[in-house]
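**Student:** To be precise about what I am sending: the file is called start_33.txt and holds compact mmCIF, C-alpha atoms.
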# COMPACT_ATOMS: atom_id res chain seq x y z
CA MET A 1 -9.39 -0.04 15.13
CA PRO A 2 -13.04 1.07 15.13
CA VAL A 3 -14.42 3.58 12.63
CA LYS A 4 -16.41 6.57 13.88
CA THR A 5 -19.61 7.69 12.19
CA PHE A 6 -21.77 10.72 12.96
CA ARG A 7 -25.38 11.77 13.02
CA PRO A 8 -26.20 13.87 9.92
CA LEU A 9 -26.39 17.19 11.74
CA THR A 10 -24.75 18.84 8.71
CA PRO A 11 -24.54 17.71 5.07
CA SER A 12 -20.80 17.09 5.42
CA LEU A 13 -21.32 14.67 8.34
CA ARG A 14 -23.96 12.58 6.60
CA TYR A 15 -21.57 10.12 4.94
CA VAL A 16 -18.25 10.85 6.65
CA SER A 17 -16.50 8.15 8.66
CA PHE A 18 -13.19 8.57 10.45
CA ALA A 19 -10.66 6.25 12.02
CA ASP A 20 -10.77 6.76 15.77
CA PHE A 21 -6.96 6.53 16.11
CA SER A 22 -7.30 4.62 19.38
CA ASP A 23 -4.25 2.53 18.43
CA ILE A 24 -1.99 5.60 18.19
CA THR A 25 0.29 5.98 21.23
CA LYS A 26 2.73 8.64 19.99
CA SER A 27 1.54 11.94 18.53
CA LYS A 28 4.78 13.35 17.09
CA PRO A 29 7.23 11.53 14.80
CA GLU A 30 10.86 10.78 15.58
CA LYS A 31 12.74 13.82 14.22
CA SER A 32 15.74 11.82 13.04
CA LEU A 33 13.52 9.60 10.87
CA VAL A 34 11.50 12.18 8.93
CA ARG A 35 12.26 14.12 5.77
CA ILE A 36 10.46 17.05 4.13
CA HIS A 37 8.19 16.08 1.26
CA LYS A 38 8.16 18.69 -1.49
CA ARG A 39 4.96 18.62 -3.51
CA THR A 40 5.16 18.63 -7.30
CA GLY A 41 1.62 19.69 -8.17
CA GLY A 42 1.71 16.98 -10.83
CA ARG A 43 4.51 18.74 -12.71
CA ASN A 44 7.86 17.43 -13.90
CA HIS A 45 11.25 19.18 -13.75
CA PHE A 46 10.29 21.27 -16.81
CA GLY A 47 7.24 22.62 -14.97
CA ARG A 48 4.82 20.83 -17.26
CA ALA A 49 1.79 19.04 -15.81
CA THR A 50 2.25 15.31 -16.40
CA ALA A 51 -0.32 14.06 -13.85
CA ARG A 52 -3.76 15.61 -13.67
CA GLY A 53 -5.78 16.28 -10.56
CA ILE A 54 -2.85 16.91 -8.22
CA GLY A 55 -2.34 20.07 -6.21
CA GLY A 56 -2.75 21.69 -2.81
CA GLY A 57 -3.20 19.50 0.22
CA HIS A 58 -1.85 19.57 3.73
CA LYS A 59 1.87 19.53 4.42
CA GLN A 60 3.32 16.05 4.95
CA LYS A 61 6.65 14.66 6.06
CA VAL A 62 8.09 11.39 4.83
CA ARG A 63 8.81 8.75 7.47
CA LEU A 64 11.90 6.67 6.70
CA VAL A 65 10.59 3.13 7.07
CA ASP A 66 12.95 0.17 7.44
CA PHE A 67 11.68 -2.29 4.82
CA LYS A 68 14.92 -4.33 4.83
CA ARG A 69 14.94 -5.27 8.55
CA ASN A 70 18.67 -6.00 8.18
CA LYS A 71 19.68 -5.51 11.83
CA HIS A 72 19.83 -9.24 12.42
CA GLY A 73 20.07 -10.84 15.83
CA VAL A 74 19.53 -7.61 17.79
CA GLU A 75 16.41 -7.40 19.92
CA ALA A 76 14.28 -4.28 19.62
CA THR A 77 11.47 -2.89 21.78
CA VAL A 78 8.36 -1.23 20.38
CA ILE A 79 8.22 2.22 21.99
CA GLY A 80 5.33 3.70 20.02
CA ILE A 81 2.61 3.20 17.40
CA GLU A 82 2.34 6.20 15.08
CA TYR A 83 0.20 7.60 12.28
CA ASP A 84 1.78 8.00 8.84
CA PRO A 85 0.04 10.57 6.60
CA MET A 86 1.52 9.03 3.45
CA ARG A 87 0.36 5.43 3.85
CA SER A 88 -2.69 3.51 5.03
CA ALA A 89 -0.83 1.36 7.58
CA ARG A 90 0.37 2.42 11.00
CA LEU A 91 4.05 2.56 11.92
CA ALA A 92 5.76 0.99 14.90
CA LEU A 93 8.83 2.76 16.29
CA LEU A 94 11.52 0.30 17.36
CA GLU A 95 14.40 1.03 19.69
CA TYR A 96 17.27 -1.47 19.53
CA LYS A 97 19.55 -2.34 22.42
CA ASP A 98 22.33 -0.17 20.97
CA GLY A 99 19.99 2.86 21.00
CA GLU A 100 19.23 2.99 17.27
CA LYS A 101 15.61 3.71 16.32
CA ARG A 102 13.80 2.54 13.20
CA TYR A 103 10.27 2.56 11.84
CA ILE A 104 8.55 -0.59 10.61
CA ILE A 105 5.02 -1.26 9.39
CA ALA A 106 2.94 -2.15 12.46
CA PRO A 107 1.34 -5.63 12.27
CA VAL A 108 -1.89 -6.63 13.98
CA GLY A 109 -1.23 -7.56 17.62
CA VAL A 110 2.04 -5.66 18.08
CA THR A 111 1.74 -3.22 20.98
CA VAL A 112 4.04 -0.94 22.94
CA GLY A 113 6.57 -2.95 24.91
CA ALA A 114 6.68 -5.89 22.50
CA LYS A 115 10.10 -7.43 21.76
CA LEU A 116 10.87 -7.94 18.05
CA MET A 117 13.82 -9.36 16.15
CA SER A 118 14.91 -10.09 12.60
CA GLY A 119 17.25 -12.65 11.09
CA PRO A 120 17.31 -16.38 10.27
CA MET A 121 17.50 -17.33 13.96
CA ALA A 122 14.60 -15.13 15.10
CA PRO A 123 11.57 -16.99 16.51
CA PRO A 124 8.61 -17.17 14.06
CA VAL A 125 6.25 -14.86 15.97
CA ILE A 126 4.20 -11.86 14.86
CA GLY A 127 6.34 -8.87 13.95
CA ASN A 128 9.60 -10.77 13.44
CA SER A 129 11.30 -10.75 10.04
CA LEU A 130 12.71 -14.04 8.75
CA PRO A 131 13.77 -15.55 5.41
CA LEU A 132 10.98 -17.50 3.71
CA ARG A 133 12.88 -20.78 4.24
CA ALA A 134 12.59 -20.30 8.05
CA ILE A 135 8.90 -19.34 8.19
CA PRO A 136 6.36 -22.13 8.93
CA LEU A 137 4.06 -23.03 6.06
CA ALA A 138 0.53 -21.56 6.04
CA SER A 139 1.75 -18.51 7.98
CA SER A 140 0.34 -15.06 7.25
CA ILE A 141 3.14 -12.74 6.10
CA HIS A 142 3.61 -9.22 4.80
CA ASN A 143 6.39 -6.82 3.71
CA ILE A 144 7.75 -9.49 1.34
CA GLU A 145 10.93 -9.08 -0.68
CA MET A 146 10.89 -9.80 -4.40
CA THR A 147 14.70 -9.90 -4.62
CA PRO A 148 16.92 -10.94 -1.68
CA GLY A 149 18.34 -7.89 0.09
CA ARG A 150 16.26 -5.29 -1.74
CA GLY A 151 13.70 -4.81 1.03
CA GLY A 152 10.01 -5.57 1.27
CA GLN A 153 8.00 -4.54 -1.80
CA MET A 154 4.80 -6.60 -1.62
CA VAL A 155 1.87 -6.59 0.85
CA ARG A 156 2.51 -3.34 2.73
CA SER A 157 -0.91 -1.63 2.80
CA ALA A 158 -3.40 -1.67 5.68
CA GLY A 159 -5.00 -5.03 6.38
CA GLY A 160 -2.87 -6.87 3.84
CA ALA A 161 -1.66 -10.43 4.39
CA ALA A 162 -0.22 -13.09 2.11
CA THR A 163 -0.01 -16.83 2.79
CA LEU A 164 3.13 -18.95 2.51
CA MET A 165 1.89 -22.02 0.66
CA SER A 166 4.88 -24.24 -0.10
CA ARG A 167 8.63 -24.46 -0.72
CA ASP A 168 10.41 -26.34 -3.48
CA GLU A 169 13.76 -26.18 -5.29
CA GLY A 170 14.91 -23.00 -3.60
CA PHE A 171 11.66 -21.09 -4.16
CA ALA A 172 8.60 -20.46 -2.01
CA GLN A 173 5.07 -20.11 -3.35
CA ILE A 174 3.09 -17.22 -1.89
CA LYS A 175 -0.59 -16.45 -2.30
CA LEU A 176 -0.97 -12.66 -2.42
CA PRO A 177 -4.06 -10.71 -1.30
CA SER A 178 -5.06 -10.25 -4.96
CA GLY A 179 -5.32 -14.03 -5.37
CA GLU A 180 -2.14 -14.24 -7.44
CA ILE A 181 0.21 -17.10 -6.58
CA ARG A 182 3.82 -16.08 -7.01
CA ARG A 183 7.23 -17.69 -6.55
CA ALA A 184 9.94 -15.97 -4.52
CA ASN A 185 13.48 -16.96 -3.59
CA GLU A 186 13.70 -18.73 -0.22
CA ASP A 187 16.31 -16.18 0.88
CA CYS A 188 13.83 -13.30 0.54
CA TYR A 189 12.73 -11.87 3.88
CA ALA A 190 9.16 -11.39 5.03
CA THR A 191 7.52 -10.25 8.24
CA ILE A 192 5.12 -12.58 10.04
CA GLY A 193 1.56 -11.38 10.62
CA GLN A 194 -1.06 -9.17 9.01
CA VAL A 195 -0.59 -5.45 8.42
CA GLY A 196 -2.47 -3.41 11.02
CA ASN A 197 -5.22 -0.80 10.68
CA THR A 198 -7.53 -3.44 9.21
CA GLU A 199 -10.59 -1.15 9.30
CA HIS A 200 -9.03 1.32 6.86
CA GLU A 201 -11.20 0.03 4.01
CA ASN A 202 -14.31 1.18 5.92
CA VAL A 203 -13.22 4.82 6.08
CA VAL A 204 -15.38 7.04 3.83
CA LEU A 205 -14.17 10.51 2.85
CA GLY A 206 -17.75 11.70 2.53
CA LYS A 207 -17.04 15.21 1.23
CA ALA A 208 -14.88 16.94 -1.34
CA GLY A 209 -12.83 18.80 1.25
CA ARG A 210 -11.20 15.63 2.57
CA SER A 211 -9.95 14.85 -0.92
CA ARG A 212 -8.52 18.36 -1.19
CA HIS A 213 -6.69 17.85 2.11
CA ARG A 214 -5.00 14.86 0.47
CA GLY A 215 -3.88 16.92 -2.52
CA ILE A 216 -6.51 15.51 -4.89
CA ARG A 217 -8.13 18.11 -7.15
CA PRO A 218 -11.47 17.62 -8.94
CA ILE A 219 -11.56 16.45 -12.56
CA SER A 220 -14.54 16.77 -14.88
CA ARG A 221 -15.92 13.61 -16.49
CA GLY A 222 -15.00 12.88 -20.08
CA VAL A 223 -18.66 12.46 -21.12
CA ALA A 224 -19.35 15.97 -19.85
CA ARG A 225 -16.77 17.54 -22.20
CA ASN A 226 -16.83 18.50 -25.83
CA PRO A 227 -15.57 16.14 -28.55
CA VAL A 228 -12.51 18.33 -29.09
CA ASP A 229 -11.50 17.88 -25.46
CA HIS A 230 -12.07 14.17 -24.87
CA PRO A 231 -12.81 11.00 -26.87
CA ASN A 232 -15.96 10.43 -24.78
CA GLY A 233 -17.23 13.99 -25.19
CA GLY A 234 -20.16 15.25 -27.21
CA GLY A 235 -23.38 13.51 -28.17
CA GLN A 236 -27.02 14.44 -27.98
CA GLY A 237 -27.95 14.50 -24.32
CA LYS A 238 -26.36 12.13 -21.83
CA SER A 239 -24.47 9.10 -23.11
CA LYS A 240 -22.74 6.50 -20.98
CA GLY A 241 -19.88 5.57 -23.27
CA GLY A 242 -19.43 8.91 -24.95
CA GLY A 243 -21.91 8.36 -27.76
CA GLY A 244 -22.83 4.69 -27.71
CA TRP A 245 -19.89 3.04 -29.42
CA GLN A 246 -16.79 4.55 -27.87
CA GLN A 247 -14.91 2.76 -25.14
CA LEU A 248 -14.22 4.51 -21.83
CA THR A 249 -10.82 6.06 -22.36
CA SER A 250 -8.37 8.66 -21.11
CA PRO A 251 -8.20 12.07 -22.85
CA TRP A 252 -5.48 10.59 -25.08
CA GLY A 253 -7.47 7.53 -26.08
CA LEU A 254 -5.98 4.87 -23.78
CA GLN A 255 -8.71 2.41 -22.82
CA ALA A 256 -9.75 2.48 -19.16
CA LYS A 257 -11.53 -0.90 -19.00
CA GLY A 258 -10.64 -4.30 -20.39
CA TYR A 259 -7.20 -3.22 -21.58
CA ARG A 260 -4.26 -5.16 -20.17
CA THR A 261 -1.30 -2.91 -19.50
CA ARG A 262 1.16 -5.58 -18.31
CA ASP A 263 3.86 -6.50 -20.83
CA LYS A 264 3.27 -10.02 -22.19
CA HIS A 265 7.00 -10.68 -22.21
CA LYS A 266 7.90 -9.15 -18.86
CA ILE A 267 10.85 -10.95 -17.27
CA SER A 268 9.13 -11.40 -13.90
CA ASN A 269 6.23 -13.29 -15.54
CA ARG A 270 8.16 -16.51 -14.94
CA PHE A 271 7.64 -16.09 -11.18
CA ILE A 272 3.84 -15.96 -11.47
CA VAL A 273 2.25 -19.40 -11.08
CA VAL A 274 -1.44 -18.37 -11.09
CA ARG A 275 -2.70 -14.96 -12.15
CA ARG A 276 -5.02 -12.99 -9.91
CA ASP A 277 -7.99 -13.93 -12.14
CA GLY A 278 -7.30 -17.62 -11.42
CA VAL A 279 -5.76 -18.46 -14.81
CA PRO A 280 -2.50 -20.46 -14.59
CA MET A 281 0.48 -18.83 -16.27
CA LYS A 282 2.17 -20.67 -19.14
CA ASN A 283 5.76 -20.01 -18.15
CA LYS A 284 8.45 -21.02 -20.57
The structure given in the file should be rewritten as structure tokens.
**Tutor:**
Amino acid sequence: MPVKTFRPLTPSLRYVSFADFSDITKSKPEKSLVRIHKRTGGRNHFGRATARGIGGGHKQKVRLVDFKRNKHGVEATVIGIEYDPMRSARLALLEYKDGEKRYIIAPVGVTVGAKLMSGPMAPPVIGNSLPLRAIPLASSIHNIEMTPGRGGQMVRSAGGAATLMSRDEGFAQIKLPSGEIRRANEDCYATIGQVGNTEHENVVLGKAGRSRHRGIRPISRGVARNPVDHPNGGGQGKSKGGGGWQQLTSPWGLQAKGYRTRDKHKISNRFIVVRRDGVPMKNK
């Protein structure tokens, strides 16, 4: 999917780049597979703002995506590639032989008319969903389950692909796009191939209005505030860290850099073989 750029005829076009949407074949979503998305404005059920910088934006509808791929042994035909306003990847609309339609994340190379299938007996080709024990080693995979039957939770964004490295004692080792090597049960399902829309990382918003269309409101920098409003505020003139000795933090003092937020004793730590920074985990 190429990315379109423009001559700087106006200030707003100087840095903007758009996806050209040449891979989209269906302009309107399947009505039976969409739900209304009610915006919160960053507020909880008490009406209090719990997330800053959220509000406005264009109306969006949620597409009900089939992450489980649990219609095993039934062949489906791709009848359309669609845009999803709430995710970076494209969606492929499948129609099964019994007439049921479902959305899946569209992998690279899957086009209209392709025949896809899921289940342990499905052939290991791009777009098919199989358990990790039936997928050839060194294959690129995405939409990977963390728990058998729960549905794909890992590697679902545009351009993402993990690698199936090995299998041993009922577990498979997977190298994720972050560099982390993780163990997963051999009965977990994954889809073969790389997630489509690989040029998404080259899209540049280029102007404030495109952020507002996405429901993102502007937030002032902490160093530009007063000391009463932010830990990084105040100081004589400009100061990078809020005065020279403060760490970059949130308004409530939580460090923004160099602070590990993952629980040291998290139960799922035992499934991580190598962290994303290349350090092996000492699993007990």
**Student:** Which residues are close to Glu201 of chain A, i.e. within 12 Å by all atoms listed in the file, leaving aside same-chain residues fewer than 3 positions away? Reply as a PyMOL selection string.
**Tutor:** chain A and resi 1-3+17-19+88-89+157-160+196-198+204-205
**Student:** Kindly indicate which residue among A:His142, A:His213, A:Arg225, A:His45 lies nearest to Ile174 of chain A, using all atoms listed in the file for the distances.
**Tutor:**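 Closest candidate: A:His142.
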**Student:** With all atoms listed in the file as the basis for distance, which of A:Ser32, A:Thr163, A:Asn44, A:Ser220 is at the shortest distance from Leu132 of chain A?
**Tutor:**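 Of A:Ser32, A:Thr163, A:Asn44, A:Ser220, the one nearest Leu132 of chain A is A:Thr163, counting all atoms listed in the file.
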**Student:** Quick one: residues within 7 Å of segment 51-61 of chain A, all atoms listed in the file, excluding same-chain residues fewer than 3 positions away - as an NGL selection string?
**Tutor:** :A and (34-37 or 41-43 or 85 or 212-219)
**Student:** Show which residues sit within 8 Å of segment 127-129 of chain A, as a VMD selection string. Count only C-alpha atoms, and ignore same-chain residues fewer than 5 positions away.
**Tutor:** chain A and resid 69 106 to 107 110 116 to 119 122 189 to 193
**Student:** Report, in Å with one decimal, the straight-line distance from atom CA of Ala76 of chain A to atom CA of Gly99 of chain A.
**Tutor:** 9.2 Å
**Student:** Excluding Gln246 of chain A and any residue of its chain fewer than 3 positions from it, enumerate the residues within 12 Å of it, using all atoms listed in the file, and give them as a ChimeraX atom specification.
**Tutor:** /A:222-223,227,230-235,239-243,249-250,253-257
**Student:** Can you pull out the residues contacting Met165 of chain A? Cut-off 8 Å, using only C-alpha atoms, and skip same-chain residues under 4 positions away; I want them as a list in words.
**Tutor:**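 My reading of the contact set: Leu137, Ala138, Ala172, Gln173, Ile174 and Lys175 of chain A.
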**Student:** Between A:Ile81, A:Leu9, A:Ala208, A:Met154, which one has atoms that come closest to Ser22 of chain A, using all atoms listed in the file?
**Tutor:** A:Ile81
**Student:** Have a look at atom CA of Phe171 of chain A and atom CA of Pro136 of chain A and let me know their distance in Å, one decimal.
**Tutor:**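 Taking atom CA of Phe171 of chain A and atom CA of Pro136 of chain A, their separation equals 14.2 Å.
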**Student:** Counting all atoms listed in the file, select every polymer residue within 12 Å of (4.0, 13.6, 15.5) as defined in the file's coordinates, and provide the selection as a CSV table (one decimal) with C-alpha atoms, keeping the file's coordinate frame.
**Tutor:**
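Saved file result.csv follows:
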chain,number,residue,atom,x,y,z
A,24,ILE,CA,-2.0,5.6,18.2
A,25,THR,CA,0.3,6.0,21.2
A,26,LYS,CA,2.7,8.6,20.0
A,27,SER,CA,1.5,11.9,18.5
A,28,LYS,CA,4.8,13.4,17.1
A,29,PRO,CA,7.2,11.5,14.8
A,30,GLU,CA,10.9,10.8,15.6
A,31,LYS,CA,12.7,13.8,14.2
A,33,LEU,CA,13.5,9.6,10.9
A,34,VAL,CA,11.5,12.2,8.9
A,60,GLN,CA,3.3,16.0,5.0
A,61,LYS,CA,6.6,14.7,6.1
A,62,VAL,CA,8.1,11.4,4.8
A,63,ARG,CA,8.8,8.8,7.5
A,80,GLY,CA,5.3,3.7,20.0
A,81,ILE,CA,2.6,3.2,17.4
A,82,GLU,CA,2.3,6.2,15.1
A,83,TYR,CA,0.2,7.6,12.3
A,84,ASP,CA,1.8,8.0,8.8
A,85,PRO,CA,0.0,10.6,6.6
A,91,LEU,CA,4.0,2.6,11.9
A,93,LEU,CA,8.8,2.8,16.3
**Student:** Which value, in Å to one decimal, gives the distance between atom CA of Lys71 of chain A and atom CA of Asn143 of chain A?
**Tutor:** 15.6 Å
**Student:** From the options A:Arg133, A:Gln153, A:Val125, A:Gly209, which residue's atoms come nearest to Ser12 of chain A, counting only C-alpha atoms?
**Tutor:** A:Gly209
**Student:** Between A:Met86, A:Met121, A:Ala184, A:Val203, which is the closest to Ile144 of chain A once you count all atoms listed in the file?
**Tutor:** A:Ala184
**Student:** Counting all atoms listed in the file, which of A:Pro251, A:Gly206, A:Pro280, A:Gly237 gets nearest to Thr10 of chain A?
**Tutor:** A:Gly206
